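Colleague: Following this message is one structure expressed as structure tokens.
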Amino acid sequence: MRQYVSQNPLSTDGLLSIDGKDYRYLKQVLRISVGDMVSVRFPDSGLQNMTVSRINEKEKKIILQVCAKTEHQENQPEEHNEIEFVLFMFVPKSAKFDQIVRQATECGVSKIYPVSGEFSQKGPEKMNFRGERFERIIKEARQQSGSSVQTQIEDCITVQKACEIWEAQEKESSFGCVLYERNEFTTDFYEALAQKTKSNLKKCALVCGAEGGISPDEIKQLMNAGFSPIHLKTNILRCETASLYGMAVLQNYVTENHDE
């Protein structure tokens, strides 16, 4: 389901005015007309059905008006996302990272941590991961996919900091894994998760390397912090493919068995 993600609250009279780039999205991508219903995602109040009341093509402005709530209108973040998914991504080339952010957002990942490692791109700690470009990528991906999760990108961190973040998690309710291209010390998702009570899981994390992978020393650090090394039984995958494939397998396995 497509949606419009609003950064602004409703006015007191239940109207929402849209202009600029968002006007172009609604008019040219969604191709809305007066009288159409649009699902609007607000930061704090979940999903709201709204009607297109007016389109001013001269001023390039759209006015939406609140509809009556329906039985299908729910606060999806609370009801459908009991498990939080996190991605620790060793920073690859810029274009690939953009793609990874887009795909992770569509998958409903809540936080993306860019990681500066031995084989990652040079100088990632100087990149602005909280700037307008990534905000736009995330917003467009949420609108396209209908994700109820407010995906966030954190500042770039070291491998040691990633380990510290994960060591602070509650062990009984969390599962973390790292994709590793070698066979040493590795297992598969099913064997690693067999040690967990799936109904207790509240947070799952995936660590994925950049183009050059993850060094043996970094794997040892991550293992000591509680990440299970996973080797995918597939062809050799690019980092942007591995992050999506790994997250999809993890989410599918965890959510399929979560209610059992």
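Just so we're on the same page: first chain in the structure tokens is A, next is B, and so on; residues restart at 1 for each chain, and ligands are numbered from 1 in the order they show up.
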Write out as a PyMOL selection string the residues lying within 7 Å of A:Phe85, counting only C-alpha atoms and excluding same-chain residues fewer than 5 positions away.

Modeller: chain A and resi 109-110+203-205

Colleague: With stretch 211-224 of chain A as the partner and 10 Å as the cut-off, tabulate the residues of stretch 58-168 of chain A that qualify, each row holding the nearest pair of atoms and their distance in Å to one decimal, using only C-alpha atoms, sorted by chain and rising number, as JSON lines.

Modeller:
```
{"residue": "A:Phe90", "atom": "CA", "partner": "A:Ile214", "partner_atom": "CA", "distance": 8.3}
{"residue": "A:Val91", "atom": "CA", "partner": "A:Glu211", "partner_atom": "CA", "distance": 8.7}
{"residue": "A:Pro92", "atom": "CA", "partner": "A:Glu211", "partner_atom": "CA", "distance": 6.1}
{"residue": "A:Lys93", "atom": "CA", "partner": "A:Glu211", "partner_atom": "CA", "distance": 8.1}
{"residue": "A:Lys96", "atom": "CA", "partner": "A:Glu211", "partner_atom": "CA", "distance": 9.6}
{"residue": "A:Gly117", "atom": "CA", "partner": "A:Ile214", "partner_atom": "CA", "distance": 7.5}
{"residue": "A:Glu118", "atom": "CA", "partner": "A:Ser215", "partner_atom": "CA", "distance": 6.7}
{"residue": "A:Phe119", "atom": "CA", "partner": "A:Gly212", "partner_atom": "CA", "distance": 5.2}
{"residue": "A:Ser120", "atom": "CA", "partner": "A:Gly212", "partner_atom": "CA", "distance": 7.1}
{"residue": "A:Gln121", "atom": "CA", "partner": "A:Glu211", "partner_atom": "CA", "distance": 8.6}
{"residue": "A:Val159", "atom": "CA", "partner": "A:Glu218", "partner_atom": "CA", "distance": 7.1}
{"residue": "A:Gln160", "atom": "CA", "partner": "A:Gln221", "partner_atom": "CA", "distance": 7.4}
{"residue": "A:Ala162", "atom": "CA", "partner": "A:Leu222", "partner_atom": "CA", "distance": 8.2}
{"residue": "A:Cys163", "atom": "CA", "partner": "A:Leu222", "partner_atom": "CA", "distance": 6.0}
{"residue": "A:Glu164", "atom": "CA", "partner": "A:Leu222", "partner_atom": "CA", "distance": 9.6}
{"residue": "A:Trp166", "atom": "CA", "partner": "A:Leu222", "partner_atom": "CA", "distance": 9.1}
{"residue": "A:Glu167", "atom": "CA", "partner": "A:Asn224", "partner_atom": "CA", "distance": 9.0}
```

Colleague: Could the residues in this selection be written to a file with all heavy atoms, as a compact mmCIF listing (two decimals), in the first residue's frame?

Modeller:
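Output below, filename result_33.txt:
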```
# COMPACT_ATOMS: atom_id res chain seq x y z
N PHE A 90 28.60 -1.98 7.25
CA PHE A 90 29.91 -1.43 6.94
C PHE A 90 29.79 -0.59 5.67
O PHE A 90 29.23 -1.06 4.68
CB PHE A 90 30.93 -2.55 6.75
CG PHE A 90 31.40 -3.18 8.04
CD1 PHE A 90 30.52 -3.91 8.84
CD2 PHE A 90 32.72 -3.04 8.44
CE1 PHE A 90 30.95 -4.48 10.03
CE2 PHE A 90 33.17 -3.62 9.63
CZ PHE A 90 32.27 -4.34 10.43
N VAL A 91 30.28 0.63 5.70
CA VAL A 91 29.98 1.61 4.66
C VAL A 91 30.62 1.23 3.33
O VAL A 91 31.85 1.17 3.21
CB VAL A 91 30.44 3.02 5.08
CG1 VAL A 91 30.08 4.03 3.99
CG2 VAL A 91 29.80 3.42 6.40
N PRO A 92 29.79 0.99 2.29
CA PRO A 92 30.30 0.71 0.95
C PRO A 92 30.35 2.00 0.13
O PRO A 92 30.23 3.10 0.70
CB PRO A 92 29.24 -0.24 0.38
CG PRO A 92 27.96 0.27 0.99
CD PRO A 92 28.33 0.83 2.36
N LYS A 93 30.48 1.89 -1.17
CA LYS A 93 30.44 3.06 -2.03
C LYS A 93 29.10 3.77 -1.90
O LYS A 93 28.08 3.14 -1.61
CB LYS A 93 30.69 2.66 -3.48
CG LYS A 93 32.10 2.13 -3.74
CD LYS A 93 32.29 1.72 -5.18
CE LYS A 93 33.71 1.19 -5.42
NZ LYS A 93 33.91 0.74 -6.82
N LYS A 96 25.87 2.47 -3.61
CA LYS A 96 25.42 1.22 -3.03
C LYS A 96 24.77 1.45 -1.67
O LYS A 96 23.77 0.81 -1.33
CB LYS A 96 26.59 0.24 -2.90
CG LYS A 96 27.13 -0.26 -4.22
CD LYS A 96 28.17 -1.34 -4.03
CE LYS A 96 28.64 -1.90 -5.36
NZ LYS A 96 29.58 -3.03 -5.20
N GLY A 117 34.87 0.24 9.04
CA GLY A 117 35.69 -0.93 9.30
C GLY A 117 36.95 -0.95 8.45
O GLY A 117 37.23 -0.03 7.68
N GLU A 118 37.69 -2.03 8.57
CA GLU A 118 38.98 -2.14 7.89
C GLU A 118 38.83 -2.11 6.37
O GLU A 118 39.67 -1.55 5.67
CB GLU A 118 39.65 -3.46 8.32
CG GLU A 118 41.07 -3.61 7.81
CD GLU A 118 41.76 -4.83 8.38
OE1 GLU A 118 41.31 -5.33 9.45
OE2 GLU A 118 42.74 -5.29 7.76
N PHE A 119 37.75 -2.69 5.84
CA PHE A 119 37.56 -2.77 4.40
C PHE A 119 36.46 -1.84 3.88
O PHE A 119 36.10 -1.91 2.71
CB PHE A 119 37.21 -4.20 3.98
CG PHE A 119 38.27 -5.21 4.35
CD1 PHE A 119 37.91 -6.46 4.80
CD2 PHE A 119 39.61 -4.90 4.25
CE1 PHE A 119 38.87 -7.40 5.15
CE2 PHE A 119 40.59 -5.82 4.60
CZ PHE A 119 40.21 -7.08 5.05
N SER A 120 35.93 -0.97 4.74
CA SER A 120 34.88 -0.05 4.29
C SER A 120 35.51 1.12 3.54
O SER A 120 36.72 1.28 3.51
CB SER A 120 34.06 0.45 5.48
OG SER A 120 34.87 1.15 6.39
N GLN A 121 34.66 1.95 2.94
CA GLN A 121 35.14 3.11 2.19
C GLN A 121 35.90 4.07 3.11
O GLN A 121 35.59 4.19 4.30
CB GLN A 121 33.97 3.84 1.54
CG GLN A 121 33.36 3.07 0.38
CD GLN A 121 34.31 2.88 -0.78
OE1 GLN A 121 34.73 3.85 -1.41
NE2 GLN A 121 34.67 1.64 -1.08
N VAL A 159 33.66 -0.34 14.76
CA VAL A 159 33.28 -1.71 15.07
C VAL A 159 33.16 -1.88 16.59
O VAL A 159 32.24 -2.54 17.09
CB VAL A 159 34.30 -2.70 14.49
CG1 VAL A 159 33.94 -4.13 14.88
CG2 VAL A 159 34.37 -2.57 12.98
N GLN A 160 34.07 -1.27 17.33
CA GLN A 160 34.04 -1.37 18.78
C GLN A 160 32.75 -0.78 19.34
O GLN A 160 32.13 -1.34 20.24
CB GLN A 160 35.25 -0.64 19.38
CG GLN A 160 35.32 -0.70 20.91
CD GLN A 160 35.35 -2.12 21.44
OE1 GLN A 160 36.05 -2.97 20.89
NE2 GLN A 160 34.61 -2.38 22.51
N ALA A 162 29.89 -0.51 17.75
CA ALA A 162 28.81 -1.42 17.38
C ALA A 162 28.72 -2.57 18.38
O ALA A 162 27.62 -2.98 18.79
CB ALA A 162 29.02 -1.96 15.97
N CYS A 163 29.87 -3.07 18.79
CA CYS A 163 29.91 -4.15 19.78
C CYS A 163 29.35 -3.68 21.12
O CYS A 163 28.60 -4.40 21.78
CB CYS A 163 31.34 -4.65 19.94
SG CYS A 163 31.99 -5.52 18.50
N GLU A 164 29.71 -2.48 21.51
CA GLU A 164 29.22 -1.94 22.79
C GLU A 164 27.71 -1.76 22.77
O GLU A 164 27.03 -2.05 23.76
CB GLU A 164 29.91 -0.60 23.09
CG GLU A 164 31.39 -0.74 23.38
CD GLU A 164 32.08 0.61 23.50
OE1 GLU A 164 31.38 1.65 23.37
OE2 GLU A 164 33.31 0.64 23.72
N TRP A 166 25.58 -3.49 21.05
CA TRP A 166 24.91 -4.79 21.10
C TRP A 166 25.10 -5.48 22.44
O TRP A 166 24.20 -6.18 22.93
CB TRP A 166 25.38 -5.68 19.96
CG TRP A 166 24.46 -6.84 19.77
CD1 TRP A 166 24.71 -8.16 19.96
CD2 TRP A 166 23.08 -6.75 19.38
NE1 TRP A 166 23.58 -8.91 19.72
CE2 TRP A 166 22.56 -8.06 19.37
CE3 TRP A 166 22.24 -5.69 19.06
CZ2 TRP A 166 21.24 -8.35 19.03
CZ3 TRP A 166 20.92 -5.96 18.73
CH2 TRP A 166 20.44 -7.27 18.71
N GLU A 167 26.24 -5.29 23.06
CA GLU A 167 26.47 -5.89 24.39
C GLU A 167 25.52 -5.33 25.44
O GLU A 167 25.23 -6.00 26.43
CB GLU A 167 27.92 -5.64 24.82
CG GLU A 167 28.94 -6.51 24.08
CD GLU A 167 30.37 -6.16 24.45
OE1 GLU A 167 30.64 -4.98 24.73
OE2 GLU A 167 31.21 -7.06 24.44
```

Colleague: DSSP says strand (DSSP E) for which residues of stretch 121-242 of chain A? Put them as an NGL selection string?

Modeller: :A and (152-153 or 157-158 or 174-179 or 203-208 or 228-230)

Colleague: Please report the interatomic distance between atom CA of A:Leu232 and atom CA of A:Arg142 in Å with one decimal.

Modeller: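 Separation between atom CA of A:Leu232 and atom CA of A:Arg142: 27.8 Å.
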
Colleague: Tell me, counting only C-alpha atoms, for each residue of stretch 119-196 of chain A within 12 Å of stretch 238-245 of chain A, which pair of atoms is nearest and how far apart they are in Å to one decimal, in rows ordered by chain and increasing number, as CSV.

Modeller:
```
residue,atom,partner,partner_atom,distance
A:Phe119,CA,A:Cys239,CA,12.0
A:Ser120,CA,A:Cys239,CA,10.9
A:Cys177,CA,A:Ser243,CA,11.7
A:Val178,CA,A:Ser243,CA,10.2
A:Leu179,CA,A:Ala242,CA,8.0
A:Tyr180,CA,A:Ala242,CA,10.1
A:Glu181,CA,A:Ala242,CA,10.2
```

Colleague: How would the residues just picked look written out with all heavy atoms as a CSV table (one decimal), in the first residue's frame?

Modeller:
```
chain,number,residue,atom,x,y,z
A,119,PHE,N,37.7,-2.7,5.8
A,119,PHE,CA,37.6,-2.8,4.4
A,119,PHE,C,36.5,-1.8,3.9
A,119,PHE,O,36.1,-1.9,2.7
A,119,PHE,CB,37.2,-4.2,4.0
A,119,PHE,CG,38.3,-5.2,4.4
A,119,PHE,CD1,37.9,-6.5,4.8
A,119,PHE,CD2,39.6,-4.9,4.3
A,119,PHE,CE1,38.9,-7.4,5.1
A,119,PHE,CE2,40.6,-5.8,4.6
A,119,PHE,CZ,40.2,-7.1,5.1
A,120,SER,N,35.9,-1.0,4.7
A,120,SER,CA,34.9,0.0,4.3
A,120,SER,C,35.5,1.1,3.5
A,120,SER,O,36.7,1.3,3.5
A,120,SER,CB,34.1,0.5,5.5
A,120,SER,OG,34.9,1.2,6.4
A,177,CYS,N,23.3,-11.3,14.4
A,177,CYS,CA,24.2,-12.1,13.6
A,177,CYS,C,25.0,-11.3,12.6
A,177,CYS,O,24.6,-10.1,12.3
A,177,CYS,CB,23.3,-13.1,12.8
A,177,CYS,SG,22.1,-12.4,11.7
A,178,VAL,N,26.1,-11.8,12.1
A,178,VAL,CA,27.0,-11.1,11.2
A,178,VAL,C,27.2,-12.1,10.0
A,178,VAL,O,27.5,-13.2,10.2
A,178,VAL,CB,28.3,-10.7,11.9
A,178,VAL,CG1,28.9,-11.9,12.6
A,178,VAL,CG2,29.2,-10.1,10.8
A,179,LEU,N,27.0,-11.5,8.8
A,179,LEU,CA,27.2,-12.3,7.6
A,179,LEU,C,28.7,-12.4,7.3
A,179,LEU,O,29.4,-11.4,7.3
A,179,LEU,CB,26.5,-11.7,6.4
A,179,LEU,CG,25.0,-11.5,6.5
A,179,LEU,CD1,24.4,-10.9,5.2
A,179,LEU,CD2,24.3,-12.9,6.8
A,180,TYR,N,29.2,-13.6,7.1
A,180,TYR,CA,30.6,-13.8,6.9
A,180,TYR,C,30.9,-14.7,5.7
A,180,TYR,O,30.2,-15.7,5.5
A,180,TYR,CB,31.2,-14.4,8.1
A,180,TYR,CG,32.7,-14.4,8.2
A,180,TYR,CD1,33.5,-13.3,7.8
A,180,TYR,CD2,33.5,-15.5,8.7
A,180,TYR,CE1,34.8,-13.2,7.9
A,180,TYR,CE2,34.9,-15.4,8.8
A,180,TYR,CZ,35.5,-14.3,8.4
A,180,TYR,OH,36.9,-14.3,8.5
A,181,GLU,N,31.8,-14.3,4.8
A,181,GLU,CA,32.0,-15.0,3.5
A,181,GLU,C,32.8,-16.2,3.7
A,181,GLU,O,32.8,-17.1,2.8
A,181,GLU,CB,32.6,-14.0,2.5
A,181,GLU,CG,34.0,-13.5,2.9
A,181,GLU,CD,34.0,-12.2,3.7
A,181,GLU,OE1,32.9,-11.9,4.2
A,181,GLU,OE2,35.0,-11.5,3.7
```

Colleague: DSSP on the backbone, then: every residue of stretch 36-229 of chain A marked helix (DSSP H, G or I), written as a VMD selection string.

Modeller: chain A and resid 76 to 79 94 to 106 124 to 126 132 to 145 159 to 167 171 to 173 189 to 193 198 to 200 216 to 224

Colleague: I'd like the neighbourhood of A:Gly14 as a count of residues only, where a residue qualifies if any of its atoms comes within 8 Å (using only C-alpha atoms), though same-chain residues fewer than 3 positions away should be ignored.

Modeller: 4

Colleague: Neighbouring residues of A:Gly176 were defined as those with any atom within 12 Å, considering only C-alpha atoms; residues of the same chain fewer than 4 positions away were excluded. Please report them as a ChimeraX atom specification.

Modeller: /A:84-88,162-163,165-167,169-172,189,192-193,196,201-208,222-230,246-247,250

Colleague: Take the selection from the previous step and output its residues with N, CA and C atoms, as an mmCIF file, in the first residue's frame.

Modeller:
```
data_model
loop_
_atom_site.group_PDB
_atom_site.id
_atom_site.type_symbol
_atom_site.label_atom_id
_atom_site.label_comp_id
_atom_site.auth_asym_id
_atom_site.auth_seq_id
_atom_site.Cartn_x
_atom_site.Cartn_y
_atom_site.Cartn_z
ATOM 1 N N GLU A 84 11.839 -5.462 16.692
ATOM 2 C CA GLU A 84 12.584 -4.373 16.047
ATOM 3 C C GLU A 84 13.774 -4.964 15.306
ATOM 4 N N PHE A 85 13.962 -4.524 14.057
ATOM 5 C CA PHE A 85 15.085 -4.999 13.253
ATOM 6 C C PHE A 85 16.078 -3.866 13.025
ATOM 7 N N VAL A 86 17.368 -4.187 13.221
ATOM 8 C CA VAL A 86 18.450 -3.206 13.145
ATOM 9 C C VAL A 86 19.499 -3.710 12.162
ATOM 10 N N LEU A 87 20.068 -2.787 11.386
ATOM 11 C CA LEU A 87 21.123 -3.135 10.431
ATOM 12 C C LEU A 87 22.396 -2.374 10.766
ATOM 13 N N PHE A 88 23.483 -3.113 11.023
ATOM 14 C CA PHE A 88 24.816 -2.535 11.146
ATOM 15 C C PHE A 88 25.500 -2.759 9.796
ATOM 16 N N ALA A 162 29.890 -0.506 17.748
ATOM 17 C CA ALA A 162 28.806 -1.420 17.383
ATOM 18 C C ALA A 162 28.720 -2.569 18.383
ATOM 19 N N CYS A 163 29.874 -3.070 18.785
ATOM 20 C CA CYS A 163 29.911 -4.149 19.776
ATOM 21 C C CYS A 163 29.354 -3.682 21.117
ATOM 22 N N ILE A 165 27.191 -1.302 21.652
ATOM 23 C CA ILE A 165 25.738 -1.125 21.528
ATOM 24 C C ILE A 165 25.034 -2.462 21.687
ATOM 25 N N TRP A 166 25.579 -3.491 21.049
ATOM 26 C CA TRP A 166 24.909 -4.788 21.102
ATOM 27 C C TRP A 166 25.103 -5.481 22.445
ATOM 28 N N GLU A 167 26.243 -5.291 23.064
ATOM 29 C CA GLU A 167 26.473 -5.892 24.388
ATOM 30 C C GLU A 167 25.515 -5.332 25.435
ATOM 31 N N GLN A 169 22.357 -4.852 24.990
ATOM 32 C CA GLN A 169 21.004 -5.373 24.796
ATOM 33 C C GLN A 169 20.706 -6.507 25.767
ATOM 34 N N GLU A 170 19.425 -6.675 26.042
ATOM 35 C CA GLU A 170 18.978 -7.784 26.879
ATOM 36 C C GLU A 170 19.177 -9.090 26.112
ATOM 37 N N LYS A 171 20.004 -9.986 26.640
ATOM 38 C CA LYS A 171 20.396 -11.189 25.910
ATOM 39 C C LYS A 171 19.227 -12.120 25.609
ATOM 40 N N GLU A 172 18.287 -12.255 26.546
ATOM 41 C CA GLU A 172 17.195 -13.193 26.364
ATOM 42 C C GLU A 172 16.219 -12.761 25.278
ATOM 43 N N PHE A 189 21.162 -19.530 9.778
ATOM 44 C CA PHE A 189 20.180 -18.830 10.602
ATOM 45 C C PHE A 189 19.427 -19.792 11.517
ATOM 46 N N ALA A 192 21.535 -21.071 14.461
ATOM 47 C CA ALA A 192 21.825 -19.977 15.403
ATOM 48 C C ALA A 192 20.596 -19.586 16.206
ATOM 49 N N LEU A 193 19.446 -19.519 15.535
ATOM 50 C CA LEU A 193 18.209 -19.103 16.217
ATOM 51 C C LEU A 193 17.599 -20.209 17.060
ATOM 52 N N LYS A 196 17.454 -19.681 20.713
ATOM 53 C CA LYS A 196 16.623 -18.607 21.245
ATOM 54 C C LYS A 196 15.166 -19.058 21.361
ATOM 55 N N LEU A 201 11.657 -12.828 21.580
ATOM 56 C CA LEU A 201 12.490 -11.891 20.836
ATOM 57 C C LEU A 201 11.830 -10.527 20.680
ATOM 58 N N LYS A 202 12.588 -9.484 20.990
ATOM 59 C CA LYS A 202 12.120 -8.108 20.826
ATOM 60 C C LYS A 202 12.997 -7.317 19.853
ATOM 61 N N LYS A 203 14.243 -7.747 19.678
ATOM 62 C CA LYS A 203 15.154 -7.018 18.785
ATOM 63 C C LYS A 203 16.077 -8.001 18.073
ATOM 64 N N CYS A 204 16.220 -7.818 16.753
ATOM 65 C CA CYS A 204 17.134 -8.631 15.951
ATOM 66 C C CYS A 204 18.039 -7.702 15.139
ATOM 67 N N ALA A 205 19.304 -8.058 15.046
ATOM 68 C CA ALA A 205 20.263 -7.218 14.322
ATOM 69 C C ALA A 205 21.034 -8.043 13.310
ATOM 70 N N LEU A 206 21.317 -7.400 12.183
ATOM 71 C CA LEU A 206 22.136 -8.011 11.138
ATOM 72 C C LEU A 206 23.344 -7.122 10.888
ATOM 73 N N VAL A 207 24.529 -7.726 10.823
ATOM 74 C CA VAL A 207 25.756 -7.007 10.474
ATOM 75 C C VAL A 207 26.182 -7.473 9.089
ATOM 76 N N CYS A 208 26.453 -6.518 8.208
ATOM 77 C CA CYS A 208 26.853 -6.860 6.841
ATOM 78 C C CYS A 208 28.083 -6.053 6.455
ATOM 79 N N LEU A 222 33.116 -8.997 16.887
ATOM 80 C CA LEU A 222 31.662 -9.102 16.807
ATOM 81 C C LEU A 222 31.154 -10.371 17.498
ATOM 82 N N MET A 223 31.886 -11.455 17.349
ATOM 83 C CA MET A 223 31.506 -12.706 18.024
ATOM 84 C C MET A 223 31.570 -12.546 19.536
ATOM 85 N N ASN A 224 32.616 -11.880 20.023
ATOM 86 C CA ASN A 224 32.756 -11.666 21.473
ATOM 87 C C ASN A 224 31.645 -10.783 22.022
ATOM 88 N N ALA A 225 31.064 -9.947 21.144
ATOM 89 C CA ALA A 225 29.967 -9.069 21.570
ATOM 90 C C ALA A 225 28.610 -9.761 21.508
ATOM 91 N N GLY A 226 28.578 -11.006 20.999
ATOM 92 C CA GLY A 226 27.323 -11.749 20.980
ATOM 93 C C GLY A 226 26.693 -11.943 19.615
ATOM 94 N N PHE A 227 27.361 -11.496 18.539
ATOM 95 C CA PHE A 227 26.839 -11.711 17.197
ATOM 96 C C PHE A 227 27.213 -13.114 16.718
ATOM 97 N N SER A 228 26.238 -13.833 16.176
ATOM 98 C CA SER A 228 26.488 -15.169 15.638
ATOM 99 C C SER A 228 26.944 -15.054 14.182
ATOM 100 N N PRO A 229 28.103 -15.628 13.817
ATOM 101 C CA PRO A 229 28.559 -15.555 12.425
ATOM 102 C C PRO A 229 27.751 -16.497 11.534
ATOM 103 N N ILE A 230 27.189 -15.947 10.455
ATOM 104 C CA ILE A 230 26.320 -16.700 9.552
ATOM 105 C C ILE A 230 26.954 -16.762 8.167
ATOM 106 N N GLY A 246 19.965 -11.154 3.506
ATOM 107 C CA GLY A 246 20.122 -11.557 4.897
ATOM 108 C C GLY A 246 18.997 -11.052 5.780
ATOM 109 N N MET A 247 18.601 -9.789 5.598
ATOM 110 C CA MET A 247 17.515 -9.242 6.400
ATOM 111 C C MET A 247 16.200 -9.938 6.089
ATOM 112 N N LEU A 250 16.218 -13.400 7.730
ATOM 113 C CA LEU A 250 16.081 -13.237 9.180
ATOM 114 C C LEU A 250 14.653 -12.866 9.558
#
```

Colleague: Measuring between only C-alpha atoms, which one of A:Pro9, A:Ala248, A:Lys122, A:Lys61 shows the shortest distance to A:Arg41?

Modeller: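 Looking at the shortest contact to A:Arg41, the residue is A:Pro9.
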
Colleague: Can you pull out every residue within 9 Å of A:Val40, counting only C-alpha atoms, but drop anything in the same chain fewer than 5 positions away, and send it as a VMD selection string?

Modeller: chain A and resid 3 to 6 46 to 50

Colleague: Selected residues, N, CA, C and O atoms, written as an mmCIF file, in the first residue's frame, please.

Modeller:
```cif
data_model
loop_
_atom_site.group_PDB
_atom_site.id
_atom_site.type_symbol
_atom_site.label_atom_id
_atom_site.label_comp_id
_atom_site.auth_asym_id
_atom_site.auth_seq_id
_atom_site.Cartn_x
_atom_site.Cartn_y
_atom_site.Cartn_z
ATOM 1 N N GLN A 3 1.569 5.257 0.534
ATOM 2 C CA GLN A 3 1.116 6.212 1.530
ATOM 3 C C GLN A 3 1.897 7.507 1.362
ATOM 4 O O GLN A 3 2.916 7.545 0.688
ATOM 5 N N TYR A 4 1.380 8.553 2.002
ATOM 6 C CA TYR A 4 2.117 9.812 2.072
ATOM 7 C C TYR A 4 2.599 9.978 3.502
ATOM 8 O O TYR A 4 1.812 9.890 4.454
ATOM 9 N N VAL A 5 3.897 10.198 3.674
ATOM 10 C CA VAL A 5 4.474 10.382 5.003
ATOM 11 C C VAL A 5 4.583 11.872 5.276
ATOM 12 O O VAL A 5 5.327 12.588 4.610
ATOM 13 N N SER A 6 3.834 12.338 6.278
ATOM 14 C CA SER A 6 3.813 13.763 6.601
ATOM 15 C C SER A 6 4.733 14.067 7.771
ATOM 16 O O SER A 6 4.734 13.357 8.775
ATOM 17 N N GLY A 46 -0.087 7.504 13.854
ATOM 18 C CA GLY A 46 -0.335 6.379 12.979
ATOM 19 C C GLY A 46 -0.879 6.775 11.622
ATOM 20 O O GLY A 46 -0.580 7.843 11.090
ATOM 21 N N LEU A 47 -1.706 5.874 11.053
ATOM 22 C CA LEU A 47 -2.207 6.038 9.698
ATOM 23 C C LEU A 47 -3.586 6.690 9.715
ATOM 24 O O LEU A 47 -4.462 6.291 10.471
ATOM 25 N N GLN A 48 -3.766 7.697 8.860
ATOM 26 C CA GLN A 48 -5.032 8.435 8.798
ATOM 27 C C GLN A 48 -5.495 8.513 7.345
ATOM 28 O O GLN A 48 -4.742 8.942 6.464
ATOM 29 N N ASN A 49 -6.731 8.098 7.089
ATOM 30 C CA ASN A 49 -7.308 8.243 5.760
ATOM 31 C C ASN A 49 -7.771 9.681 5.565
ATOM 32 O O ASN A 49 -8.469 10.240 6.414
ATOM 33 N N MET A 50 -7.390 10.276 4.416
ATOM 34 C CA MET A 50 -7.759 11.652 4.132
ATOM 35 C C MET A 50 -8.247 11.757 2.688
ATOM 36 O O MET A 50 -7.848 10.985 1.820
#
```

Colleague: Quick one: distance from atom CA of A:Arg130 to atom CA of A:Gln144 in Å, one decimal?

Modeller: 20.7 Å

Colleague: Write out as an mmCIF file with all heavy atoms, in the first residue's frame the residues lying within 8 Å of A:Val34, counting only C-alpha atoms and excluding same-chain residues fewer than 3 positions away.

Modeller:
```
data_model
loop_
_atom_site.group_PDB
_atom_site.id
_atom_site.type_symbol
_atom_site.label_atom_id
_atom_site.label_comp_id
_atom_site.auth_asym_id
_atom_site.auth_seq_id
_atom_site.Cartn_x
_atom_site.Cartn_y
_atom_site.Cartn_z
ATOM 1 N N THR A 51 -9.117 12.725 2.453
ATOM 2 C CA THR A 51 -9.678 12.958 1.123
ATOM 3 C C THR A 51 -9.018 14.175 0.489
ATOM 4 O O THR A 51 -8.735 15.167 1.168
ATOM 5 C CB THR A 51 -11.193 13.208 1.216
ATOM 6 O OG1 THR A 51 -11.815 12.069 1.807
ATOM 7 C CG2 THR A 51 -11.794 13.430 -0.169
ATOM 8 N N VAL A 52 -8.766 14.097 -0.821
ATOM 9 C CA VAL A 52 -8.240 15.240 -1.552
ATOM 10 C C VAL A 52 -9.382 16.228 -1.762
ATOM 11 O O VAL A 52 -10.328 15.978 -2.523
ATOM 12 C CB VAL A 52 -7.665 14.807 -2.916
ATOM 13 C CG1 VAL A 52 -7.105 16.027 -3.651
ATOM 14 C CG2 VAL A 52 -6.587 13.756 -2.735
ATOM 15 N N SER A 53 -9.318 17.362 -1.051
ATOM 16 C CA SER A 53 -10.387 18.356 -1.127
ATOM 17 C C SER A 53 -10.165 19.359 -2.247
ATOM 18 O O SER A 53 -11.126 19.802 -2.894
ATOM 19 C CB SER A 53 -10.498 19.117 0.207
ATOM 20 O OG SER A 53 -10.844 18.237 1.249
ATOM 21 N N ARG A 54 -8.910 19.710 -2.484
ATOM 22 C CA ARG A 54 -8.643 20.745 -3.481
ATOM 23 C C ARG A 54 -7.234 20.575 -4.044
ATOM 24 O O ARG A 54 -6.305 20.246 -3.302
ATOM 25 C CB ARG A 54 -8.811 22.134 -2.859
ATOM 26 C CG ARG A 54 -8.691 23.288 -3.866
ATOM 27 C CD ARG A 54 -9.194 24.608 -3.282
ATOM 28 N NE ARG A 54 -8.385 25.102 -2.182
ATOM 29 C CZ ARG A 54 -8.752 25.085 -0.906
ATOM 30 N NH1 ARG A 54 -9.921 24.576 -0.561
ATOM 31 N NH2 ARG A 54 -7.973 25.577 0.036
ATOM 32 N N ILE A 55 -7.073 20.817 -5.335
ATOM 33 C CA ILE A 55 -5.766 20.837 -5.992
ATOM 34 C C ILE A 55 -5.636 22.168 -6.721
ATOM 35 O O ILE A 55 -6.402 22.459 -7.645
ATOM 36 C CB ILE A 55 -5.600 19.678 -6.988
ATOM 37 C CG1 ILE A 55 -5.720 18.329 -6.276
ATOM 38 C CG2 ILE A 55 -4.246 19.783 -7.693
ATOM 39 C CD1 ILE A 55 -5.636 17.134 -7.206
#
```

Colleague: In Å, rounded to a single decimal, give me how far atom CA of A:Ser17 is from atom CA of A:Val38.

Modeller: 13.1 Å
